[in-house]
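**Student:** One structure is given below, represented as structure tokens, and several questions about it will come after.
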Amino acid sequence: MPRLSASEIRSKSINERSVLLPNYDRSSVTPGIVHLGIGAFHRAHMAAYVDSLLKDNPSWGIIGASLRRPDTRDALAPQDFLYTLAIRDASGTKCRLIGSILDVLDASTQRAQLIETMANPAIRIVSLTVTEKGYCHDPSTGELDENHPDIVHDLAHPDEPISAAGIIVAALALRQQRGLIPFTVMSCDNLPSNGKTARRIVRRFAQLRAGSTELTNYVQSVSFPSTMIDRIVPATTDADREIVNEIIGLEDAWPIMTEPFTQWVIEDDFPAGRPPFETVGAQLVEDVEPFELMKLRMLNGSHSTMAYLGYLSGYQYVNEAIADPGILKLIHGLMTDEVMATLPMPRATLEAYRDQLLARFANPALKHRTWQIAMDGTQKLPQRLLGTIRDRLEKGLPVQRLTLGVAAWMRYVTGIDEEGNPIDVKDPHASRLRAIADGAGRDAEKLASGLLAVQEVFGTDLPGNTAFTDPVTKHVKSLLESGAKATVSALS
Ligand code: CS2
């Protein structure tokens, strides 16, 4: 099978009847956006929105950058950065070819080129999906972790940065020296007030990097709109590649699989200009926070709870977990009885959102692994479950279901499943968590109190609040003694 590429498209060897092609002339597209963290999520979400608007706005092409690994560049370069977006549900698979990414740079080997590109006056937006841990922050406070090895490195070598904050400030420094206006920094990560978090981190980094007051002031003037981004994007597997290649009739080394649903809510604060995102389905609003809170607490809070309990119950995929009547009842109750009361939206809006989420989780065509969502729990728990818990505790409300999600994370990071098999726990603090778990053995109280002392996750308030620690410890005990399925049925 020939490889997907611009010339294969021109020579019409792509199966045009089963794949939607870009509706614009790619050779007339010029870059306007640099995107840091060119993973599957960006390629299923923002790159697709941009692809839809390039016909009338060709100056907004995307240059992607990966900060850690060259694998995206290596897969996409031989196919002229074209790739297939496969949208899947029970009714089948619809394929669309995305052409909005013009180039991908690998920051570890093309750092100078990346920073120079970001300093190009044509670049007006630098967007980010670097995942929670890419912010090098303390997840419980949202402040820059000044002892993070990448930050320590970047402060010592400001011209060879490896962190997102270091790269952004290096590029802003060049723009400032050249008398250019700054680009807008748009975070598309799953963090509360993601724009504010990005701004806090970048400003603090710039202060620590010192240099000139001009640079510090220049960085102060940068805009950081917040965004709420939503689309479920499982990691691509070889089986997915085969499905896509069969449909399009060419070999695509890295297609992206996703669901039909997509949502993007953006705070309208782009002094350097922006494409008309509203013409392709995004909502431009003044305040994104209520949307972010709703999404993080309802969707991602349920996702993480299902990921830990589902994995421990032996379910590989989210759709299998939600098909378990006990888990379904738990997640329904978690959203209805515990999360909704903490959100500012009308009840009817929240109920409709819940029902839509339950249907999305049940999508049988999306092979979304519980293990994938279980990753990086230390970075996810604060905004997905603990913020909701704090709001409820303040009002004296019970947190039975929310604390089961937290307890399931504790059981999961012991690194041994219910059959005694190892769990491949992926987390920046995995070895520290494992050491705590090993020290506790099967003693629920020791395990819970050891993990509750991880301040970056639980802060200084929660470990001393028995309205929180009691149900957590009780659930951990039940998970260790009776297992996940029995614990879920006892509660739901
Ligand atoms: C998931 C999210 O992997 C995870 O932690 O909860 O990536 C989720 O699929 C997206 O936020 C959906 O928009």
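Every chain in the structure tokens takes a letter, A first, then B, and so on in the order presented; its residues are numbered from 1, and the ligands are numbered from 1 following the presented order.
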With 6 Å as the cut-off and only C-alpha atoms and all ligand atoms counted, what is the closest atom pair between each nearby residue of chain A and ligand 1? Distances in Å to one decimal, ordered by chain and number, as a Markdown table.
**Tutor:**
| residue | atom | partner | partner_atom_place_in_ligand_line | distance |
| --- | --- | --- | --- | --- |
| A:Asp230 | CA | ligand 1 | 13 (O) | 3.3 |
| A:Arg231 | CA | ligand 1 | 13 (O) | 3.9 |
| A:Ile232 | CA | ligand 1 | 9 (O) | 4.0 |
| A:Val233 | CA | ligand 1 | 9 (O) | 5.9 |
| A:Asn300 | CA | ligand 1 | 6 (O) | 4.5 |
| A:His303 | CA | ligand 1 | 6 (O) | 5.1 |
| A:Gln372 | CA | ligand 1 | 3 (O) | 5.8 |
| A:Ile373 | CA | ligand 1 | 3 (O) | 3.8 |
**Student:** Using DSSP on the backbone, list every residue of region 70-212 of chain A that comes out as strand (DSSP E), and give them as a ChimeraX atom specification.
**Tutor:** /A:83-89,92-98,101-106,125-128,184-187
**Student:** Within region 251-466 of chain A, find each residue whose DSSP state, derived from the backbone, is helix (DSSP H, G or I), and express the selection as a PyMOL selection string.
**Tutor:** chain A and resi 277-280+289-312+318-322+325-342+347-361+370-374+377-394+400-412+430-440+444-452+455-458+462-464+466
**Student:** May I have the residues within 7 Å of region 234-236 of chain A as a PyMOL selection string, using only C-alpha atoms and disregarding those fewer than 6 positions away in the same chain?
**Tutor:** chain A and resi 256-258+367-368
**Student:** Kindly indicate which residue among A:Thr342, A:Asn23, A:Thr262, A:Gln400 lies nearest to Thr487 (chain A), using only C-alpha atoms for the distances.
**Tutor:**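 Closest to Thr487 (chain A) of all the choices is A:Gln400.
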**Student:** Do you have, as a tab-separated table, the list of residues of region 171-226 of chain A lying at most 12 Å from region 36-46 of chain A, each with its nearest atom pair and that distance in Å to one decimal, counting only C-alpha atoms and ordered by chain then number?
**Tutor:**
residue	atom	partner	partner_atom	distance
A:Val185	CA	A:Leu36	CA	10.4
A:Met186	CA	A:Leu36	CA	10.2
A:Ser187	CA	A:Leu36	CA	9.6
A:Cys188	CA	A:His42	CA	8.4
A:Asp189	CA	A:Phe41	CA	9.6
A:Asn190	CA	A:Phe41	CA	11.0
**Student:** Output N, CA, C and O atoms for every residue in the selection just made, as a tab-separated table (two decimals), in the first residue's frame.
**Tutor:**
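Resulting contents of selection.tsv:
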chain	number	residue	atom	x	y	z
A	185	VAL	N	-0.77	33.39	24.29
A	185	VAL	CA	-0.54	31.99	24.71
A	185	VAL	C	-1.89	31.37	25.07
A	185	VAL	O	-2.59	31.87	25.96
A	186	MET	N	-2.26	30.32	24.35
A	186	MET	CA	-3.57	29.69	24.58
A	186	MET	C	-3.38	28.25	25.09
A	186	MET	O	-3.01	27.36	24.32
A	187	SER	N	-3.66	28.05	26.36
A	187	SER	CA	-3.57	26.69	26.91
A	187	SER	C	-4.82	25.90	26.52
A	187	SER	O	-5.93	26.40	26.63
A	188	CYS	N	-4.61	24.68	26.06
A	188	CYS	CA	-5.74	23.78	25.77
A	188	CYS	C	-5.59	22.52	26.63
A	188	CYS	O	-5.92	21.42	26.19
A	189	ASP	N	-5.06	22.68	27.83
A	189	ASP	CA	-4.91	21.52	28.72
A	189	ASP	C	-6.06	21.49	29.72
A	189	ASP	O	-6.69	22.49	30.02
A	190	ASN	N	-6.24	20.29	30.29
A	190	ASN	CA	-7.31	20.02	31.24
A	190	ASN	C	-6.99	20.51	32.64
A	190	ASN	O	-6.88	19.71	33.56
**Student:** Can you tell me which residues surround Ala490 (chain A) at a distance of at most 12 Å, considering only C-alpha atoms, apart from same-chain residues fewer than 3 positions away, and format the answer as an MDAnalysis selection string?
**Tutor:** chainID A and resid 326:327 329:330 400:401 404 475 478:479 482:487
**Student:** How close does region 127-207 of chain A get to region 382-386 of chain A? List, as a tab-separated table, each residue of region 127-207 of chain A within 7 Å, its nearest atom pair and the distance in Å to one decimal, counting only C-alpha atoms.
**Tutor:**
residue	atom	partner	partner_atom	distance
A:Pro139	CA	A:Pro382	CA	6.6
A:Ser140	CA	A:Pro382	CA	6.1
A:Leu191	CA	A:Gln383	CA	6.9
A:Pro192	CA	A:Gln383	CA	6.4
**Student:** Deliver the residues from the most recent selection as a file, using C-alpha atoms, as a PDB file, in the first residue's frame.
**Tutor:**
ATOM      1  CA  PRO A 139      -0.919  20.606  41.307  1.00  0.00           C
ATOM      2  CA  SER A 140      -2.387  21.449  44.714  1.00  0.00           C
ATOM      3  CA  LEU A 191      -6.484  22.362  34.083  1.00  0.00           C
ATOM      4  CA  PRO A 192      -8.747  24.663  36.054  1.00  0.00           C
TER       5      PRO A 192
END
**Student:** Measuring between only C-alpha atoms, which one of A:Ser492, A:Thr227, A:Ser7, A:Thr93 shows the shortest distance to Pro325 (chain A)?
**Tutor:**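 Using only C-alpha atoms, Pro325 (chain A) sits closest to A:Ser492.
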**Student:** Could you list, as a list of chain:residue names, every residue within 9 Å of Ala119 (chain A), counting only C-alpha atoms and ignoring same-chain residues fewer than 5 positions away?
**Tutor:**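 With the cut-off at 9 Å, the set is A:Leu114, A:Ala171, A:Leu172, A:Ala173, A:Leu174, A:Arg175, A:Arg178, A:Leu180, A:Pro182, A:Phe183.
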